[in-house]
Amino acid sequence: MKVSRQTLWRLLAAVFVVNLVVMGLGAWYSAQQVPPIPDEVVGPDGESLATGADVRQGKVVFQQNGLMNHGSILGNGAYFGSDLTAEALDMKVEYMRDYYAREKYGTSFSDLDADAKAAISDQVRRELDSAVGREGTIEYSAAEVYAHEQVRERYVELYHEGELERGIPSGTVSDEAEARRLADFAMWTAWFSHADRPGSDHSYTNEWPYQPAAGNEPAGATMTWSVIAMVLLVAGAGIGVWLYKSVELPEPKTGVVDVPHPRDVALTPSQRAASRYVPIAALLFVVQVLLGGLLAHYYIERDGFFGLGELLGIDFLSILPFSMAKTLHLDLGILWIATLWLGAGLFLPPLLTGHEPKNQDRYVNGLLVALVVVVVGGLTGVWLGANGYIDGPLWWILGNEGLEYLEVGRFWQFGLLAGFLIWAGLAARGFKPLLDKEAPYGLAHMILYAGGSIALLFTAGLLYTPQTNIVTTEFWRWWVVHMWVEGAFEFFIIAVVSLTLVSMNLLSRRSAEKAVAFEALFVMGTGVIGVSHHYWWVGQPDVWLPLGSIFSTLELIPLVLILFEAMNEYRTLATSGESFPYTLPFMFIIASGVWNFVGAGVLGFFINLPLVNYYEHGTYLTVAHAHAAMFGAFGFLALGMATYILRLTVSPGQWVERRLRWAFWLWNAGLALMVLVSLLPVGFLQLEVAFTQSYAAARSLEFYNGGLVQALFWARLPGDTLLIAGTIVFAYDVVKKRFVLRETSDVPARTPVSDQVMSDDD
């Protein structure tokens, strides 16, 4: 079955419009259905306990102090601390039981006999399970008032006074009043997790988190759509294989006689400038993996660092608490990958067009300097903001916005957005000869569309403030996070890999355009609406459950296609012989495709089955999925681009790839050990505890301190060590290669690649 480029382009445009309509209507509908922030919370006698302003201020406290990177809210955030929603609901049950025990029997709940415990437990369950959400005022029973007040005092102990065994330093929240507002915020999320949505028989969060004592158990729709998703999973795999076998798509050539050798390619000033992005990324990468090792150790020793704190008299926890280390670890991971992608996008144009725009090198260097300023400013602002040095209304503008993956202040986010737009302009300058001659669906246009979509989606993160309802905030935050990962980044991957294959003369430009359009069609067609699987348990309306189940399952199709592509590239590599000069970059591209299938495919689809996700949401199974997908797919691709840039910028006679090969295998072995030996086993143990006890129990300190779990945390050490070693070897090799760079030429050398690309008719 033959499909033309024009047909694929029309289908892609149609999918884009459908996505826009569905998600636009979904945004409008969701805005009407979010759980209401009450004007007032009152007791049985009408006395005021809390107000809507208290709840909103509690959200500000949560963000301002970076608590989303210590624990989580509604299951979203870090997994080191407890989930505030589940913890608050768990404590609410506990304190309500104690209230009724003392009221009826004059003693604590734990001292009652089995029959009395059962009667009180049933009373609390019925009371919480019968609550109905409504606008205006939340009316508490006397037991709920007591529970709310006790949770407030517990939060003062935890977040103001500190609790080192939980990794919470003293003064995390600056004063007692702020800690109480944080409790008001957490208790509000606990309320709408058990209060039924008006007109339905389940809560705003579809009865999440699992807490049978509060009446929270999986709704019927959760089971129904899980079965449908499993059927679609098998069908999706079959559709992916059928499409790959049926549609005639180009594959890399096996003959390599026309592949340009690095010695036949001239290095232009702009390419030399773009190569400077590699050592900057290597530095960020080294710091990121060292922080990752520290984060892993915090799960074992929460209030120190291998005993050195006590020995040296240094309070490591106060200097670099988990929340700050996690923030830097996440942000640096995104930044070094993005830096390499941006560098690759500026390095490739002269190879394909034989064109070097005037002063392009100055602009490329200028963009790098600007990005360094924004990165340093943003991360410094995060630290200053989280430590209280930026107060008043500027804390989230210049400091720490406090949302996972979007931590840097709003001012610095605008700086990053401006950087993406400048990059698009520079890439367009480099591709101008090709842009002028090709159709709008051409390869150069595709790379600009892919990069532009990253910038466009970033704007969704600007549609809320710290006072915005947390459910609305999470709606837009996931637009950025998920649609980057499942949409724009995948699109960018396909475009960059195709450009690279064209620059190696392994694909013609027109063949690459067809492959990009075909795979982008399924990536964008499933990944964009697939964001809705993040909306199941956070207070969004019911419509997202079927949409998320269907589209997150159908995301398997493009991953199957990418896996087959990686397999074909492997066959090309295997038959190319020793003379092929780009074997190592090719190995990274292949590894990226395989890890993408493992991390996003196998692990991603397992945890996205609604019934599994109900118990798993916010556990170590998500950690395993995230590391395998983010570093395995996007990281390896970025490192492959870095290796390709190094191959062409180093003097051909000085090229040595032994250290890079060592780094490649150290990374692969380390990631496999980390995921398979530590992260997944801990995740499955957590899943069992969540299923047999409650979600709060699975996220508790008692679970993490269990003997087997602690042993599995120690078992992560070999994998982490290999990852760190591979990164240090890579960084050392990058520095060494900076001293053996080839000379530049103002005029790019014409190669068979540029001649073919520029002479190809549309």
# chains A, B, ... in the order shown; residues from 1 in each chain; ligands from 1
>>> closest_atom_pairs(of="range 152-271 of chain A", to="range 608-611 of chain A", cutoff="10 Å", atoms="only C-alpha atoms", output="tab-separated table")
residue	atom	partner	partner_atom	distance
A:Pro218	CA	A:Leu611	CA	7.5
A:Ala219	CA	A:Leu611	CA	9.3
A:Gly220	CA	A:Leu611	CA	9.9
A:Ala221	CA	A:Pro610	CA	9.1
A:Thr222	CA	A:Pro610	CA	5.7
A:Met223	CA	A:Leu611	CA	5.9
A:Thr224	CA	A:Pro610	CA	9.0
A:Trp225	CA	A:Pro610	CA	6.8
A:Ser226	CA	A:Pro610	CA	5.2
A:Val227	CA	A:Leu609	CA	8.5
A:Ile228	CA	A:Leu609	CA	9.4
A:Ala229	CA	A:Leu609	CA	6.5
A:Met230	CA	A:Leu609	CA	7.5
A:Leu233	CA	A:Leu609	CA	9.5
>>> write_last_selection(atoms="N, CA and C atoms", output="CSV table (one decimal), in the first residue's frame")
chain,number,residue,atom,x,y,z
A,218,PRO,N,-12.2,1.5,44.0
A,218,PRO,CA,-12.3,1.7,42.5
A,218,PRO,C,-13.7,1.7,42.1
A,219,ALA,N,-14.1,2.7,41.3
A,219,ALA,CA,-15.4,2.8,40.7
A,219,ALA,C,-15.6,1.8,39.6
A,220,GLY,N,-16.8,1.5,39.2
A,220,GLY,CA,-17.1,0.5,38.2
A,220,GLY,C,-16.5,0.8,36.9
A,221,ALA,N,-16.5,2.1,36.5
A,221,ALA,CA,-16.0,2.5,35.2
A,221,ALA,C,-14.5,2.3,35.2
A,222,THR,N,-13.8,2.3,36.3
A,222,THR,CA,-12.3,2.0,36.3
A,222,THR,C,-12.1,0.6,35.8
A,223,MET,N,-12.9,-0.4,36.3
A,223,MET,CA,-12.7,-1.7,35.8
A,223,MET,C,-13.1,-1.9,34.4
A,224,THR,N,-14.2,-1.3,34.0
A,224,THR,CA,-14.7,-1.4,32.6
A,224,THR,C,-13.7,-0.9,31.6
A,225,TRP,N,-13.2,0.3,31.8
A,225,TRP,CA,-12.2,0.8,30.9
A,225,TRP,C,-10.9,0.2,30.9
A,226,SER,N,-10.6,-0.5,32.0
A,226,SER,CA,-9.3,-1.3,32.1
A,226,SER,C,-9.4,-2.5,31.1
A,227,VAL,N,-10.6,-3.1,31.1
A,227,VAL,CA,-10.8,-4.3,30.2
A,227,VAL,C,-10.8,-3.8,28.7
A,228,ILE,N,-11.4,-2.7,28.5
A,228,ILE,CA,-11.4,-2.1,27.1
A,228,ILE,C,-10.0,-1.8,26.7
A,229,ALA,N,-9.2,-1.2,27.6
A,229,ALA,CA,-7.8,-0.8,27.3
A,229,ALA,C,-7.0,-2.0,27.0
A,230,MET,N,-7.2,-3.2,27.7
A,230,MET,CA,-6.4,-4.4,27.4
A,230,MET,C,-6.8,-4.9,26.0
A,233,LEU,N,-5.0,-2.7,23.7
A,233,LEU,CA,-3.6,-2.9,23.8
A,233,LEU,C,-3.1,-4.0,22.8
>>> select_by_dssp(residues="range 160-403 of chain A", states="helix (DSSP H, G or I)", output="count of residues only")
161
>>> closest_residue(among="A:Ala213, A:Val523, A:Ala344, A:Val612", to="Ala273 in chain A", atoms="only C-alpha atoms")
A:Ala344
>>> closest_residue(among="A:Val528, A:Lys326, A:Val382, A:Ser592", to="Ser453 in chain A", atoms="only C-alpha atoms")
A:Val528
>>> residues_around(residues="Gly548 in chain A", least_positions_apart="4", cutoff="10 Å", atoms="only C-alpha atoms", output="CSV table (one decimal) with C-alpha atoms, in the first residue's frame")
chain,number,residue,atom,x,y,z
A,225,TRP,CA,-12.2,0.8,30.9
A,229,ALA,CA,-7.8,-0.8,27.3
A,526,THR,CA,-2.5,9.4,20.0
A,527,GLY,CA,-0.2,11.3,22.3
A,529,ILE,CA,-5.4,13.4,23.7
A,530,GLY,CA,-3.5,10.7,25.6
A,531,VAL,CA,-2.7,13.4,28.2
A,532,SER,CA,-6.1,12.7,29.7
A,533,HIS,CA,-4.8,9.6,31.6
A,534,HIS,CA,-3.2,12.1,34.0
A,535,TYR,CA,-6.7,13.5,34.7
A,536,TRP,CA,-8.4,10.4,36.1
A,543,VAL,CA,-15.1,12.2,30.3
A,544,TRP,CA,-11.3,11.9,30.6
A,552,SER,CA,-3.0,6.3,26.0
A,553,THR,CA,-3.4,2.7,24.9
A,554,LEU,CA,-3.2,3.6,21.2
A,608,ASN,CA,-1.7,3.3,32.4
A,609,LEU,CA,-4.3,0.6,32.6
A,610,PRO,CA,-6.9,2.4,34.7
>>> residues_around(residues="Ile337 in chain A", least_positions_apart="3", cutoff="8 Å", atoms="only C-alpha atoms", output="list of chain:residue names")
A:Ala281, A:Gly333, A:Ile334, A:Leu340, A:Trp341, A:Phe634, A:Gly635, A:Ala638
>>> write_last_selection(atoms="N, CA and C atoms", output="JSON list (two decimals), in the first residue's frame")
[["chain", "number", "residue", "atom", "x", "y", "z"],
["A", 281, "ALA", "N", 26.28, 20.88, 27.88],
["A", 281, "ALA", "CA", 25.35, 19.81, 28.22],
["A", 281, "ALA", "C", 26.04, 18.74, 29.07],
["A", 333, "GLY", "N", 18.10, 17.58, 34.01],
["A", 333, "GLY", "CA", 17.87, 16.53, 33.03],
["A", 333, "GLY", "C", 17.20, 17.06, 31.77],
["A", 334, "ILE", "N", 16.18, 17.88, 31.95],
["A", 334, "ILE", "CA", 15.52, 18.49, 30.80],
["A", 334, "ILE", "C", 16.47, 19.42, 30.06],
["A", 340, "LEU", "N", 21.44, 19.71, 23.91],
["A", 340, "LEU", "CA", 21.98, 18.91, 22.82],
["A", 340, "LEU", "C", 21.06, 18.92, 21.60],
["A", 341, "TRP", "N", 19.76, 18.88, 21.83],
["A", 341, "TRP", "CA", 18.83, 18.95, 20.70],
["A", 341, "TRP", "C", 18.95, 20.29, 19.97],
["A", 634, "PHE", "N", 14.88, 9.80, 25.24],
["A", 634, "PHE", "CA", 15.31, 11.15, 24.88],
["A", 634, "PHE", "C", 16.79, 11.39, 25.18],
["A", 635, "GLY", "N", 17.25, 10.83, 26.32],
["A", 635, "GLY", "CA", 18.65, 11.01, 26.66],
["A", 635, "GLY", "C", 19.58, 10.36, 25.67],
["A", 638, "ALA", "N", 19.71, 12.29, 22.42],
["A", 638, "ALA", "CA", 20.52, 13.50, 22.57],
["A", 638, "ALA", "C", 22.00, 13.17, 22.57]]
>>> closest_residue(among="A:Arg659, A:His202, A:Lys358, A:Lys92", to="Arg154 in chain A", atoms="only C-alpha atoms")
A:Lys92
>>> closest_residue(among="A:Leu723, A:Val516, A:Ala78, A:Ile645", to="His445 in chain A", atoms="only C-alpha atoms")
A:Val516
>>> closest_residue(among="A:Gly442, A:Pro349, A:Gly77, A:Gly292", to="Gly402 in chain A", atoms="only C-alpha atoms")
A:Gly77
>>> residues_around(residues="Phe664 in chain A", least_positions_apart="3", cutoff="8 Å", atoms="only C-alpha atoms", output="VMD selection string")
chain A and resid 588 660 to 661 667 to 668 726
>>> write_last_selection(atoms="N, CA, C and O atoms", output="short mmCIF file (atom, residue, chain, number, x, y, z; two decimals), in the first residue's frame")
data_model
loop_
_atom_site.label_atom_id
_atom_site.label_comp_id
_atom_site.auth_asym_id
_atom_site.auth_seq_id
_atom_site.Cartn_x
_atom_site.Cartn_y
_atom_site.Cartn_z
N PHE A 588 23.53 4.81 19.31
CA PHE A 588 22.72 5.60 20.24
C PHE A 588 21.29 5.73 19.73
O PHE A 588 20.32 5.67 20.51
N LEU A 660 33.93 6.84 24.34
CA LEU A 660 32.50 7.00 24.09
C LEU A 660 31.79 5.65 24.06
O LEU A 660 30.64 5.53 24.51
N ARG A 661 32.46 4.63 23.54
CA ARG A 661 31.86 3.29 23.56
C ARG A 661 31.72 2.78 24.99
O ARG A 661 30.71 2.16 25.35
N TRP A 667 26.20 3.31 30.41
CA TRP A 667 24.85 3.86 30.54
C TRP A 667 23.78 2.80 30.37
O TRP A 667 22.83 2.73 31.16
N ASN A 668 23.92 1.97 29.34
CA ASN A 668 22.91 0.94 29.10
C ASN A 668 22.85 -0.07 30.25
O ASN A 668 21.76 -0.42 30.73
N GLY A 726 29.65 6.35 33.54
CA GLY A 726 29.51 6.60 32.11
C GLY A 726 29.44 8.09 31.80
O GLY A 726 30.03 8.56 30.81
#
>>> residues_around(residues="range 423-432 of chain A", least_positions_apart="2", cutoff="7 Å", atoms="only C-alpha atoms", output="list of chain:residue names")
A:Gly345, A:Leu346, A:Pro349, A:Pro350, A:Thr353, A:His355, A:Glu356, A:Pro357, A:Gly419, A:Phe420, A:Leu421, A:Leu434, A:Leu435, A:Asp436, A:Ala444, A:Leu448, A:Gly451, A:Gly452
>>> write_last_selection(atoms="all heavy atoms", output="CSV table (one decimal), in the first residue's frame")
chain,number,residue,atom,x,y,z
A,345,GLY,N,20.1,20.9,16.1
A,345,GLY,CA,19.3,21.6,15.2
A,345,GLY,C,20.0,22.7,14.5
A,345,GLY,O,19.6,23.1,13.3
A,346,LEU,N,21.0,23.3,15.1
A,346,LEU,CA,21.8,24.3,14.5
A,346,LEU,C,23.1,23.8,13.8
A,346,LEU,O,23.6,24.5,12.9
A,346,LEU,CB,22.3,25.3,15.6
A,346,LEU,CG,21.2,26.0,16.3
A,346,LEU,CD1,21.7,26.8,17.5
A,346,LEU,CD2,20.4,26.9,15.4
A,349,PRO,N,22.0,22.1,9.5
A,349,PRO,CA,21.6,22.7,8.3
A,349,PRO,C,22.8,22.9,7.2
A,349,PRO,O,22.6,22.6,6.1
A,349,PRO,CB,21.2,24.1,8.7
A,349,PRO,CG,20.6,23.9,10.1
A,349,PRO,CD,21.4,22.8,10.7
A,350,PRO,N,24.0,23.3,7.6
A,350,PRO,CA,25.1,23.3,6.6
A,350,PRO,C,25.4,22.0,5.9
A,350,PRO,O,25.8,22.0,4.7
A,350,PRO,CB,26.3,23.9,7.4
A,350,PRO,CG,25.7,24.6,8.5
A,350,PRO,CD,24.5,23.8,8.9
A,353,THR,N,22.4,21.7,3.3
A,353,THR,CA,22.2,22.7,2.3
A,353,THR,C,23.5,23.2,1.6
A,353,THR,O,23.4,23.9,0.6
A,353,THR,CB,21.5,23.9,2.9
A,353,THR,OG1,22.3,24.5,3.9
A,353,THR,CG2,20.1,23.5,3.6
A,355,HIS,N,25.1,25.6,2.9
A,355,HIS,CA,24.9,27.1,3.0
A,355,HIS,C,25.2,27.5,4.4
A,355,HIS,O,24.8,26.9,5.4
A,355,HIS,CB,23.4,27.4,2.7
A,355,HIS,CG,23.0,28.8,3.1
A,355,HIS,ND1,23.5,29.9,2.4
A,355,HIS,CD2,22.1,29.3,4.0
A,355,HIS,CE1,22.9,31.0,2.9
A,355,HIS,NE2,22.1,30.6,3.9
A,356,GLU,N,26.0,28.6,4.5
A,356,GLU,CA,26.3,29.2,5.8
A,356,GLU,C,25.9,30.7,5.9
A,356,GLU,O,26.5,31.5,5.2
A,356,GLU,CB,27.8,29.1,6.1
A,356,GLU,CG,28.4,29.8,7.3
A,356,GLU,CD,28.2,29.1,8.6
A,356,GLU,OE1,27.5,28.0,8.5
A,356,GLU,OE2,28.7,29.5,9.6
A,357,PRO,N,24.8,31.0,6.6
A,357,PRO,CA,24.3,32.4,6.6
A,357,PRO,C,25.4,33.3,7.2
A,357,PRO,O,26.2,32.9,8.1
A,357,PRO,CB,23.1,32.3,7.5
A,357,PRO,CG,22.7,30.8,7.5
A,357,PRO,CD,23.9,30.1,7.4
A,419,GLY,N,14.2,31.8,24.1
A,419,GLY,CA,15.3,31.0,23.6
A,419,GLY,C,14.9,30.0,22.5
A,419,GLY,O,15.5,29.9,21.5
A,420,PHE,N,13.7,29.3,22.7
A,420,PHE,CA,13.2,28.4,21.7
A,420,PHE,C,12.9,29.2,20.4
A,420,PHE,O,13.1,28.7,19.3
A,420,PHE,CB,12.0,27.7,22.2
A,420,PHE,CG,12.3,26.4,22.9
A,420,PHE,CD1,12.1,26.3,24.3
A,420,PHE,CD2,12.8,25.3,22.2
A,420,PHE,CE1,12.4,25.1,25.0
A,420,PHE,CE2,13.1,24.1,22.9
A,420,PHE,CZ,12.9,24.0,24.2
A,421,LEU,N,12.3,30.3,20.6
A,421,LEU,CA,11.9,31.1,19.4
A,421,LEU,C,13.1,31.6,18.6
A,421,LEU,O,13.1,31.6,17.4
A,421,LEU,CB,11.0,32.3,19.8
A,421,LEU,CG,9.6,31.9,20.4
A,421,LEU,CD1,8.9,33.1,20.9
A,421,LEU,CD2,8.8,31.1,19.5
A,434,LEU,N,16.7,25.4,1.6
A,434,LEU,CA,15.9,24.3,1.5
A,434,LEU,C,14.4,24.7,1.7
A,434,LEU,O,13.5,24.2,1.0
A,434,LEU,CB,16.3,23.2,2.5
A,434,LEU,CG,15.6,21.9,2.4
A,434,LEU,CD1,15.7,21.3,1.0
A,434,LEU,CD2,16.3,20.9,3.4
A,435,LEU,N,14.2,25.6,2.6
A,435,LEU,CA,12.8,26.1,2.9
A,435,LEU,C,12.2,26.8,1.7
A,435,LEU,O,11.0,26.7,1.4
A,435,LEU,CB,12.8,27.1,4.1
A,435,LEU,CG,13.1,26.5,5.4
A,435,LEU,CD1,13.4,27.6,6.5
A,435,LEU,CD2,11.9,25.6,5.9
A,436,ASP,N,13.1,27.5,0.9
A,436,ASP,CA,12.6,28.2,-0.3
A,436,ASP,C,12.2,27.3,-1.4
A,436,ASP,O,11.3,27.7,-2.2
A,436,ASP,CB,13.7,29.2,-0.8
A,436,ASP,CG,14.0,30.3,0.2
A,436,ASP,OD1,13.1,30.6,1.0
A,436,ASP,OD2,15.0,31.0,0.1
A,444,ALA,N,12.8,20.3,6.1
A,444,ALA,CA,13.2,21.5,6.9
A,444,ALA,C,12.1,22.1,7.6
A,444,ALA,O,12.2,22.6,8.8
A,444,ALA,CB,13.9,22.5,6.0
A,448,LEU,N,11.2,22.6,12.0
A,448,LEU,CA,10.7,23.9,12.6
A,448,LEU,C,9.4,23.7,13.2
A,448,LEU,O,9.1,24.3,14.3
A,448,LEU,CB,10.6,25.0,11.5
A,448,LEU,CG,12.0,25.4,10.9
A,448,LEU,CD1,11.7,26.5,9.8
A,448,LEU,CD2,12.9,25.9,11.9
A,451,GLY,N,10.1,21.9,16.6
A,451,GLY,CA,10.7,22.8,17.6
A,451,GLY,C,9.7,23.8,18.0
A,451,GLY,O,9.6,24.2,19.2
A,452,GLY,N,8.9,24.3,17.1
A,452,GLY,CA,7.9,25.3,17.4
A,452,GLY,C,6.8,24.7,18.3
A,452,GLY,O,6.3,25.5,19.1
>>> residues_around(residues="range 203-212 of chain A", least_positions_apart="2", cutoff="10 Å", atoms="only C-alpha atoms", output="PyMOL selection string")
chain A and resi 33-35+74-75+83+85-87+89-90+93+125+129-133+189-198+200-201+214-222+535-542+545+614-615+617+690-697
>>> closest_residue(among="A:Leu666, A:Gly525, A:Phe475, A:Ala672", to="Val17 in chain A", atoms="only C-alpha atoms")
A:Gly525
